[in-house]
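The structure appears right after this line, and notes come after that.
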Amino acid sequence: MARSTNARRPATLASLAAELGVSRTTVSNAYNRPDQLSPELRKRVLETARRLGYPGPDPVARSLRTRKAGAVGLLLTENLSYAFRDPGAVGFLEGLSLACEDAGQGLLLIPASPEREDVAAVHRAGVDGFVVYSVPEDDPHLAAVLERPVPVVICDQPRLDNLDWVGPDDAKAIKAVADHLIKLGHRRIGVLCMRLARGRNDGPAPVQRQANASFHVQKARLTALAEAFSEAGVDWSKVPVVERFDHTTASGASAAAQLLEMDPDITAIVCTSDILALGALSEARNRGLRVPEHLTITGFDGIPDAERAGLTTVRQPWLEKGRAAGRLLLENSEPGRPRHIQLETQLITGSTSAPPRSAEERWFGP
């Protein structure tokens, strides 16, 4: 069928202005600077625009003209779904979203999968600045962000002296866990940690790998644990540390199984995240172990599921972390004077920690 030659052409800003008998600036202000018009005039402009099918100013053209995208970019060190699956990331994302809402800004999520090095998404992101959420120091996506002439705020890691940063004191926070366990009498411990480097490793993490970790948060937590237990007379080089690349409860369960096979006489498992600790709790139940009578398990993060499970953990303010990162990015700062916000944490002594079992209570795993 032949297309009608009488179809109405889409309205433009110029044709809408002519229809209303006003200037093009007036029409533009109705969308971009509504405070410049009376409510009655703005209502008439918008109603006429709807009647004529005018979609509003072209956002791409506007951003080219103003050199502002009106959006904040959030660089994640994971696949996109992680932001909506991981409880800590969800809390952080909510806080960042609130800061963006307060400033009238949009939010663009930019995933940086640890197993891919394609940085094109960073280069083409139309944003006015980046919040970088917990990436290793050698991440190529971070390098691409730093090439962009826009403000950058780092959340958690890495710590870069010339950039704004927000996060907790990870060493101090996990030392509180170590001191708690040492006071209870634990000396035979094992550790489950999140990934230490961009290369996949699902297995033991010897001392050298810990020292060379490019994820500063995990490195800081392991270093603090090593120092605290070494001061209590524990030879850290003999403490089994098991690393998992994927941050899931299934990874925590498999890591706990591997750890208990490496040293069935441990009395406590220290986990560097609640997700791993929840997996360890599941593995303990599957083995018929009572927590904390047979085995103490601790976590780090203070996510809702951990608190419901009664986990001994460190609570960090996820929502405030996201809000603080957004504010740092969106507020004006003095050039050359980076700002650092260190968030407070709290040790939560739950029902999963107790003094170590006696020698007579030794268990034998399957």
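So you can find residues: chains in the structure tokens are A, B, ... in the order shown, residues in each start at 1, and ligands are numbered from 1 in order.
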Got a sec: who's within 12 Å of Glu334 (chain A), counting only C-alpha atoms, leaving out chain neighbours fewer than 3 positions off, as an NGL selection string?
:A and (151 or 162-164 or 328-329 or 331 or 337-339)
Long-range neighbours of Gly252 (chain A) as a ChimeraX atom specification, 7 Å cut-off, only C-alpha atoms, 5 positions minimum in chain
/A:275-277,279-280
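In terms of minimum interatomic distance to Leu319 (chain A), A:Ile303 ranks closest within A:Ala268, A:Leu142, A:Val207, A:Ile303, counting only C-alpha atoms.
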Selected residue of minimal separation from Pro34 (chain A) among A:Arg187, A:Leu46, A:Tyr82, A:Leu196, counting only C-alpha atoms
A:Leu46
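Computed from the coordinates, the CA of Thr272 (chain A) to CA of Thr296 (chain A) distance equals 14.1 Å.
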Pick out the residues sitting within 9 Å of Arg315 (chain A), and hand them over as a ChimeraX atom specification; count only C-alpha atoms, and ignore anything fewer than 5 positions along from it in its own chain.
/A:173,300-303,344-348
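Among the candidates A:Ser113, A:Thr267, A:Asn286, A:Thr352, the residue lying nearest to Gly310 (chain A) is A:Thr352 (atoms considered: only C-alpha atoms).
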If I take CA of Thr313 (chain A) and CA of Leu278 (chain A), how far is one from the other in Å, to one decimal?
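Taking CA of Thr313 (chain A) and CA of Leu278 (chain A), their separation equals 11.0 Å.
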Per-residue DSSP, region 186-274 of chain A, filtered to helix (DSSP H, G or I), as a PyMOL selection string:
chain A and resi 207-211+216-231+236-238+249-262+274
Keeping N, CA and C atoms, export the residues of the selection given above as an mmCIF file, in the first residue's frame.
```cif
data_model
loop_
_atom_site.group_PDB
_atom_site.id
_atom_site.type_symbol
_atom_site.label_atom_id
_atom_site.label_comp_id
_atom_site.auth_asym_id
_atom_site.auth_seq_id
_atom_site.Cartn_x
_atom_site.Cartn_y
_atom_site.Cartn_z
ATOM 1 N N VAL A 207 50.529 -16.969 51.759
ATOM 2 C CA VAL A 207 50.916 -15.661 52.271
ATOM 3 C C VAL A 207 51.383 -14.735 51.154
ATOM 4 N N GLN A 208 52.126 -15.244 50.192
ATOM 5 C CA GLN A 208 52.629 -14.398 49.110
ATOM 6 C C GLN A 208 51.498 -13.830 48.270
ATOM 7 N N ARG A 209 50.479 -14.639 47.995
ATOM 8 C CA ARG A 209 49.336 -14.146 47.227
ATOM 9 C C ARG A 209 48.586 -13.083 48.027
ATOM 10 N N GLN A 210 48.461 -13.281 49.316
ATOM 11 C CA GLN A 210 47.821 -12.270 50.164
ATOM 12 C C GLN A 210 48.582 -10.949 50.094
ATOM 13 N N ALA A 211 49.908 -11.024 50.162
ATOM 14 C CA ALA A 211 50.735 -9.815 50.155
ATOM 15 C C ALA A 211 50.659 -9.083 48.820
ATOM 16 N N HIS A 216 42.487 -3.951 47.465
ATOM 17 C CA HIS A 216 43.005 -3.380 48.701
ATOM 18 C C HIS A 216 42.171 -3.731 49.919
ATOM 19 N N VAL A 217 40.845 -3.840 49.759
ATOM 20 C CA VAL A 217 39.984 -4.140 50.902
ATOM 21 C C VAL A 217 40.311 -5.516 51.465
ATOM 22 N N GLN A 218 40.382 -6.519 50.595
ATOM 23 C CA GLN A 218 40.697 -7.866 51.058
ATOM 24 C C GLN A 218 42.109 -7.928 51.648
ATOM 25 N N LYS A 219 43.037 -7.238 51.010
ATOM 26 C CA LYS A 219 44.408 -7.218 51.510
ATOM 27 C C LYS A 219 44.463 -6.604 52.906
ATOM 28 N N ALA A 220 43.743 -5.496 53.108
ATOM 29 C CA ALA A 220 43.745 -4.831 54.407
ATOM 30 C C ALA A 220 43.144 -5.725 55.483
ATOM 31 N N ARG A 221 42.078 -6.434 55.145
ATOM 32 C CA ARG A 221 41.434 -7.294 56.140
ATOM 33 C C ARG A 221 42.326 -8.480 56.501
ATOM 34 N N LEU A 222 42.951 -9.082 55.505
ATOM 35 C CA LEU A 222 43.837 -10.211 55.788
ATOM 36 C C LEU A 222 45.075 -9.770 56.565
ATOM 37 N N THR A 223 45.624 -8.622 56.222
ATOM 38 C CA THR A 223 46.803 -8.111 56.920
ATOM 39 C C THR A 223 46.486 -7.837 58.387
ATOM 40 N N ALA A 224 45.333 -7.251 58.645
ATOM 41 C CA ALA A 224 44.940 -6.963 60.026
ATOM 42 C C ALA A 224 44.712 -8.244 60.820
ATOM 43 N N LEU A 225 44.107 -9.244 60.186
ATOM 44 C CA LEU A 225 43.923 -10.535 60.860
ATOM 45 C C LEU A 225 45.272 -11.161 61.181
ATOM 46 N N ALA A 226 46.182 -11.106 60.213
ATOM 47 C CA ALA A 226 47.506 -11.695 60.420
ATOM 48 C C ALA A 226 48.224 -11.027 61.581
ATOM 49 N N GLU A 227 48.155 -9.712 61.646
ATOM 50 C CA GLU A 227 48.840 -8.991 62.714
ATOM 51 C C GLU A 227 48.239 -9.315 64.072
ATOM 52 N N ALA A 228 46.905 -9.333 64.149
ATOM 53 C CA ALA A 228 46.247 -9.586 65.435
ATOM 54 C C ALA A 228 46.530 -10.988 65.946
ATOM 55 N N PHE A 229 46.424 -11.993 65.077
ATOM 56 C CA PHE A 229 46.637 -13.368 65.532
ATOM 57 C C PHE A 229 48.117 -13.662 65.747
ATOM 58 N N SER A 230 48.981 -13.012 64.987
ATOM 59 C CA SER A 230 50.418 -13.189 65.218
ATOM 60 C C SER A 230 50.793 -12.668 66.601
ATOM 61 N N GLU A 231 50.217 -11.536 66.994
ATOM 62 C CA GLU A 231 50.478 -10.999 68.327
ATOM 63 C C GLU A 231 49.964 -11.928 69.415
ATOM 64 N N TRP A 236 50.939 -17.170 61.346
ATOM 65 C CA TRP A 236 49.988 -16.891 60.270
ATOM 66 C C TRP A 236 50.276 -17.720 59.026
ATOM 67 N N SER A 237 51.518 -18.053 58.785
ATOM 68 C CA SER A 237 51.855 -18.830 57.589
ATOM 69 C C SER A 237 51.213 -20.211 57.618
ATOM 70 N N LYS A 238 50.771 -20.650 58.791
ATOM 71 C CA LYS A 238 50.124 -21.961 58.908
ATOM 72 C C LYS A 238 48.605 -21.860 58.975
ATOM 73 N N THR A 249 26.850 -17.353 48.105
ATOM 74 C CA THR A 249 26.784 -18.270 49.245
ATOM 75 C C THR A 249 27.276 -19.659 48.840
ATOM 76 N N ALA A 250 27.043 -20.035 47.583
ATOM 77 C CA ALA A 250 27.544 -21.328 47.116
ATOM 78 C C ALA A 250 29.064 -21.357 47.172
ATOM 79 N N SER A 251 29.695 -20.243 46.822
ATOM 80 C CA SER A 251 31.155 -20.166 46.917
ATOM 81 C C SER A 251 31.602 -20.272 48.369
ATOM 82 N N GLY A 252 30.859 -19.639 49.263
ATOM 83 C CA GLY A 252 31.192 -19.725 50.678
ATOM 84 C C GLY A 252 31.089 -21.143 51.202
ATOM 85 N N ALA A 253 30.055 -21.857 50.753
ATOM 86 C CA ALA A 253 29.875 -23.242 51.201
ATOM 87 C C ALA A 253 30.999 -24.135 50.696
ATOM 88 N N SER A 254 31.348 -24.004 49.428
ATOM 89 C CA SER A 254 32.408 -24.855 48.877
ATOM 90 C C SER A 254 33.763 -24.502 49.480
ATOM 91 N N ALA A 255 33.974 -23.216 49.761
ATOM 92 C CA ALA A 255 35.237 -22.801 50.373
ATOM 93 C C ALA A 255 35.340 -23.340 51.799
ATOM 94 N N ALA A 256 34.225 -23.315 52.532
ATOM 95 C CA ALA A 256 34.228 -23.851 53.891
ATOM 96 C C ALA A 256 34.522 -25.344 53.877
ATOM 97 N N ALA A 257 33.943 -26.071 52.912
ATOM 98 C CA ALA A 257 34.206 -27.499 52.797
ATOM 99 C C ALA A 257 35.688 -27.756 52.537
ATOM 100 N N GLN A 258 36.262 -26.972 51.646
ATOM 101 C CA GLN A 258 37.679 -27.123 51.331
ATOM 102 C C GLN A 258 38.542 -26.800 52.554
ATOM 103 N N LEU A 259 38.173 -25.777 53.265
ATOM 104 C CA LEU A 259 38.923 -25.369 54.452
ATOM 105 C C LEU A 259 38.897 -26.450 55.526
ATOM 106 N N LEU A 260 37.724 -27.015 55.766
ATOM 107 C CA LEU A 260 37.587 -28.035 56.806
ATOM 108 C C LEU A 260 38.295 -29.331 56.420
ATOM 109 N N GLU A 261 38.426 -29.577 55.140
ATOM 110 C CA GLU A 261 39.195 -30.739 54.700
ATOM 111 C C GLU A 261 40.697 -30.490 54.865
ATOM 112 N N MET A 262 41.117 -29.229 54.682
ATOM 113 C CA MET A 262 42.523 -28.884 54.861
ATOM 114 C C MET A 262 42.938 -28.975 56.320
ATOM 115 N N ASP A 274 29.843 -11.335 54.659
ATOM 116 C CA ASP A 274 28.699 -12.079 55.190
ATOM 117 C C ASP A 274 28.212 -13.133 54.201
#
```
So that I can check the surroundings of region 83-99 of chain A, please list as a list of chain:residue names every protein, DNA and RNA residue that reaches within 6 Å of it, counting only C-alpha atoms and ignoring chain neighbours fewer than 4 positions away.
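Residues meeting the cut-off are A:Trp318, A:Leu319, A:Glu320, A:Gly322, A:Arg323, A:Gly326.
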Residues within 9 Å of Arg188 (chain A), please, as a PyMOL selection string. Count only C-alpha atoms; anything in the same chain fewer than 2 positions from it doesn't count.
chain A and resi 186+190+234+239+265-268+356
Just the residues within 8 Å of Val45 (chain A), please, counting only C-alpha atoms, with nothing from its chain fewer than 5 positions along; format it as a VMD selection string.
chain A and resid 20 27 30
